[in-house]
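Written below as structure tokens is the structure these notes are about.
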Amino acid sequence: MLVDNNNDANDWRNKYDWSDKLILIVEDIEANHMFIAAALKRTSAQLLWAKDGMEAVEMCREYESIDLVLMDIRLPKLDGYEATRQIKEFRPKLPIIAQTAYVMSNEKGKVLQAGCDDLITKPIRLNVLISTIAKYIEE
Ligand SMILES: [Mg+2]
């Protein structure tokens, strides 16, 4: 749902109402999770937090209403590639956006090969985070 209650079309802060959306943040670093959660607070999205790849897979099984996953790649127990592969086996259409600090040239290929729909690079920029999520969640 798009709520146009701001005259500045480029200002995403009041642009999105995702109060009916459930987003799973997969992130092992608490400070990074807090940053993402704070950024998404303005959209009113409902948030879940998984701290490792195994927990991410379990939560995707448990919460069928999850609309989108923000997947860190470097994770304990199960990395983001493997967690994505497993989630896509039972939820092939669930959008998964990888977030990684790795900027090696083959990173995007690896991320897409694992089944991720998109990739954002750390440090995460707020407007990139929101606009990338919007591409998949507003459909
Ligand atoms: Mg990490």
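Naming works like this for the structure tokens: A, B, ... for the chains as they're shown, residue 1 at the start of each chain, ligands 1 onward in shown order.
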Got a sec: who's within 9 Å of Lys77 in chain A, counting only C-alpha atoms, leaving out chain neighbours fewer than 2 positions off, as a PDB file with all heavy atoms, in the first residue's frame?
```pdb
ATOM      1  N   ASP A  52      20.858 -16.354  13.495  1.00  0.00           N
ATOM      2  CA  ASP A  52      21.751 -17.215  12.709  1.00  0.00           C
ATOM      3  C   ASP A  52      20.937 -17.873  11.599  1.00  0.00           C
ATOM      4  O   ASP A  52      19.702 -17.768  11.564  1.00  0.00           O
ATOM      5  CB  ASP A  52      22.455 -18.255  13.600  1.00  0.00           C
ATOM      6  CG  ASP A  52      21.486 -19.195  14.294  1.00  0.00           C
ATOM      7  OD1 ASP A  52      20.752 -19.919  13.589  1.00  0.00           O
ATOM      8  OD2 ASP A  52      21.446 -19.209  15.539  1.00  0.00           O
ATOM      9  N   GLY A  53      21.646 -18.564  10.714  1.00  0.00           N
ATOM     10  CA  GLY A  53      20.981 -19.127   9.541  1.00  0.00           C
ATOM     11  C   GLY A  53      19.981 -20.220   9.868  1.00  0.00           C
ATOM     12  O   GLY A  53      18.935 -20.336   9.235  1.00  0.00           O
ATOM     13  N   MET A  54      20.308 -21.009  10.887  1.00  0.00           N
ATOM     14  CA  MET A  54      19.396 -22.087  11.258  1.00  0.00           C
ATOM     15  C   MET A  54      18.087 -21.527  11.806  1.00  0.00           C
ATOM     16  O   MET A  54      16.999 -22.010  11.485  1.00  0.00           O
ATOM     17  CB  MET A  54      20.073 -22.978  12.310  1.00  0.00           C
ATOM     18  CG  MET A  54      19.795 -24.446  12.114  1.00  0.00           C
ATOM     19  SD  MET A  54      20.676 -25.422  13.336  1.00  0.00           S
ATOM     20  CE  MET A  54      22.249 -25.603  12.568  1.00  0.00           C
ATOM     21  N   GLU A  55      18.216 -20.510  12.643  1.00  0.00           N
ATOM     22  CA  GLU A  55      17.028 -19.866  13.202  1.00  0.00           C
ATOM     23  C   GLU A  55      16.190 -19.240  12.086  1.00  0.00           C
ATOM     24  O   GLU A  55      14.955 -19.261  12.128  1.00  0.00           O
ATOM     25  CB  GLU A  55      17.465 -18.792  14.219  1.00  0.00           C
ATOM     26  CG  GLU A  55      16.372 -18.401  15.187  1.00  0.00           C
ATOM     27  CD  GLU A  55      16.827 -17.341  16.195  1.00  0.00           C
ATOM     28  OE1 GLU A  55      18.027 -17.008  16.234  1.00  0.00           O
ATOM     29  OE2 GLU A  55      15.957 -16.852  16.925  1.00  0.00           O
ATOM     30  N   LEU A  75      26.974 -15.620   8.709  1.00  0.00           N
ATOM     31  CA  LEU A  75      26.132 -15.975   9.852  1.00  0.00           C
ATOM     32  C   LEU A  75      26.676 -17.210  10.546  1.00  0.00           C
ATOM     33  O   LEU A  75      27.244 -18.082   9.892  1.00  0.00           O
ATOM     34  CB  LEU A  75      24.706 -16.293   9.376  1.00  0.00           C
ATOM     35  CG  LEU A  75      23.840 -15.149   8.857  1.00  0.00           C
ATOM     36  CD1 LEU A  75      22.623 -15.716   8.156  1.00  0.00           C
ATOM     37  CD2 LEU A  75      23.426 -14.235  10.001  1.00  0.00           C
ATOM     38  N   ASP A  79      25.347 -20.403   6.909  1.00  0.00           N
ATOM     39  CA  ASP A  79      25.531 -19.088   6.290  1.00  0.00           C
ATOM     40  C   ASP A  79      24.308 -18.699   5.459  1.00  0.00           C
ATOM     41  O   ASP A  79      23.380 -19.497   5.265  1.00  0.00           O
ATOM     42  CB  ASP A  79      26.837 -19.013   5.476  1.00  0.00           C
ATOM     43  CG  ASP A  79      26.831 -19.892   4.226  1.00  0.00           C
ATOM     44  OD1 ASP A  79      25.752 -20.202   3.701  1.00  0.00           O
ATOM     45  OD2 ASP A  79      27.934 -20.241   3.780  1.00  0.00           O
TER      46      ASP A  79
END
```
For this session: Tell me which protein, DNA and RNA residues are within 6 Å of range 16-33 of chain A, counting only C-alpha atoms, leaving out same-chain ones fewer than 6 positions away, and put them as a list in words.
Result: Leu2, Val3, Thr43, Ser44, Ala45, Gln46, Leu47, Leu48, Trp49, Ala50, Lys51, Asp52, Ile66, Asp67, Leu68, Val69, Leu70, Met71 and Asp72 of chain A
Exercise. Just how far from CA of Leu119 in chain A is CA of Ile97 in chain A, in Å to one decimal?
Worked result: 5.5 Å
For this session: Please measure the separation of CA of Ile120 in chain A and CA of Gln99 in chain A, giving the value in Å to one decimal.
Result: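 A separation of 4.9 Å between them.
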For this session: Going by DSSP on the backbone, which bits of range 15-52 of chain A are alpha helix (DSSP H)? Write them as a list in words, please.
Result: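 So, restricting range 15-52 of chain A to alpha helix (DSSP H), we get Glu30, Ala31, Asn32, His33, Met34, Phe35, Ile36, Ala37, Ala38, Ala39, Leu40 and Lys41 of chain A.
Between CA of Ala98 in chain A and CA of Asp118 in chain A the separation is 6.2 Å.
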For this session: Write out as JSON, numbers by chain the residues lying within 10 Å of Lys135 in chain A, counting only C-alpha atoms and excluding same-chain residues fewer than 4 positions away.
Result: {"A": [95, 118, 130, 131, 139]}
File dump, residues just selected, N, CA, C and O atoms, as a PDB file, in the first residue's frame:
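And here is the file that came out, selection.pdb:
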```pdb
ATOM      1  N   PRO A  95      10.360 -13.543  -1.192  1.00  0.00           N
ATOM      2  CA  PRO A  95      11.499 -12.711  -1.585  1.00  0.00           C
ATOM      3  C   PRO A  95      12.584 -12.701  -0.503  1.00  0.00           C
ATOM      4  O   PRO A  95      12.279 -12.492   0.670  1.00  0.00           O
ATOM      5  N   ASP A 118      17.715 -10.487  -4.597  1.00  0.00           N
ATOM      6  CA  ASP A 118      18.417  -9.220  -4.761  1.00  0.00           C
ATOM      7  C   ASP A 118      19.538  -9.138  -3.729  1.00  0.00           C
ATOM      8  O   ASP A 118      19.652  -9.995  -2.858  1.00  0.00           O
ATOM      9  N   ILE A 130      15.215   0.689   1.746  1.00  0.00           N
ATOM     10  CA  ILE A 130      13.763   0.843   1.626  1.00  0.00           C
ATOM     11  C   ILE A 130      13.303   0.630   0.180  1.00  0.00           C
ATOM     12  O   ILE A 130      12.323  -0.072  -0.067  1.00  0.00           O
ATOM     13  N   SER A 131      14.015   1.202  -0.769  1.00  0.00           N
ATOM     14  CA  SER A 131      13.558   1.086  -2.162  1.00  0.00           C
ATOM     15  C   SER A 131      13.707  -0.347  -2.671  1.00  0.00           C
ATOM     16  O   SER A 131      12.897  -0.814  -3.482  1.00  0.00           O
ATOM     17  N   GLU A 139       4.336  -5.495  -4.482  1.00  0.00           N
ATOM     18  CA  GLU A 139       3.684  -6.163  -5.608  1.00  0.00           C
ATOM     19  C   GLU A 139       2.294  -6.670  -5.245  1.00  0.00           C
ATOM     20  O   GLU A 139       2.074  -7.109  -4.149  1.00  0.00           O
TER      21      GLU A 139
END
```
For this session: Mind the document's chain letters and residue numbers, and return as a PyMOL selection string the residues of chain A that DSSP labels strand (DSSP E).
Result: chain A and resi 22-26+46-50+68-72+96-100+118-121
Problem set entry | Minimum-distance residue to ligand 1, chosen among A:Leu94, A:Ile87, A:Leu78, A:Ile73 (using only C-alpha atoms and all ligand atoms) |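 When distances to ligand 1 are compared using only C-alpha atoms and all ligand atoms, the smallest one comes from A:Ile73.
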Tell me which protein, DNA and RNA residues are within 12 Å of Gln113 in chain A, counting only C-alpha atoms, leaving out same-chain ones fewer than 3 positions away, and put them as a JSON list (two decimals) with N, CA and C atoms, in the first residue's frame.
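Okay, this is what ended up in result33.json:
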```json
[["chain", "number", "residue", "atom", "x", "y", "z"],
["A", 80, "GLY", "N", 24.31, -17.47, 5.00],
["A", 80, "GLY", "CA", 23.13, -16.95, 4.31],
["A", 80, "GLY", "C", 22.83, -17.65, 3.00],
["A", 81, "TYR", "N", 23.89, -18.16, 2.36],
["A", 81, "TYR", "CA", 23.66, -18.90, 1.10],
["A", 81, "TYR", "C", 22.84, -20.16, 1.37],
["A", 82, "GLU", "N", 23.31, -20.92, 2.35],
["A", 82, "GLU", "CA", 22.67, -22.22, 2.64],
["A", 82, "GLU", "C", 21.28, -22.01, 3.23],
["A", 84, "THR", "N", 19.30, -19.58, 2.62],
["A", 84, "THR", "CA", 18.43, -19.19, 1.50],
["A", 84, "THR", "C", 18.02, -20.40, 0.68],
["A", 85, "ARG", "N", 19.00, -21.28, 0.38],
["A", 85, "ARG", "CA", 18.68, -22.50, -0.38],
["A", 85, "ARG", "C", 17.59, -23.32, 0.32],
["A", 88, "LYS", "N", 14.13, -21.50, 0.28],
["A", 88, "LYS", "CA", 13.52, -21.52, -1.07],
["A", 88, "LYS", "C", 12.97, -22.89, -1.44],
["A", 98, "ALA", "N", 19.61, -10.41, 0.06],
["A", 98, "ALA", "CA", 20.87, -10.61, 0.77],
["A", 98, "ALA", "C", 21.48, -9.26, 1.12],
["A", 106, "ASN", "N", 32.42, -11.66, -7.68],
["A", 106, "ASN", "CA", 31.58, -12.83, -7.86],
["A", 106, "ASN", "C", 30.47, -12.93, -6.82],
["A", 107, "GLU", "N", 30.42, -11.94, -5.91],
["A", 107, "GLU", "CA", 29.47, -12.04, -4.81],
["A", 107, "GLU", "C", 28.03, -12.04, -5.29],
["A", 108, "LYS", "N", 27.73, -11.15, -6.21],
["A", 108, "LYS", "CA", 26.34, -11.06, -6.66],
["A", 108, "LYS", "C", 25.91, -12.37, -7.32],
["A", 109, "GLY", "N", 26.80, -12.96, -8.11],
["A", 109, "GLY", "CA", 26.49, -14.23, -8.75],
["A", 109, "GLY", "C", 26.22, -15.32, -7.74],
["A", 110, "LYS", "N", 27.04, -15.38, -6.70],
["A", 110, "LYS", "CA", 26.88, -16.40, -5.66],
["A", 110, "LYS", "C", 25.55, -16.23, -4.93],
["A", 116, "CYS", "N", 18.74, -16.00, -3.79],
["A", 116, "CYS", "CA", 18.33, -14.66, -3.34],
["A", 116, "CYS", "C", 17.79, -13.88, -4.53],
["A", 117, "ASP", "N", 16.81, -13.01, -4.25],
["A", 117, "ASP", "CA", 16.19, -12.23, -5.31],
["A", 117, "ASP", "C", 16.96, -10.96, -5.61],
["A", 118, "ASP", "N", 17.72, -10.49, -4.60],
["A", 118, "ASP", "CA", 18.42, -9.22, -4.76],
["A", 118, "ASP", "C", 19.54, -9.14, -3.73],
["A", 119, "LEU", "N", 20.35, -8.10, -3.86],
["A", 119, "LEU", "CA", 21.51, -7.93, -2.98],
["A", 119, "LEU", "C", 21.67, -6.46, -2.64]]
```
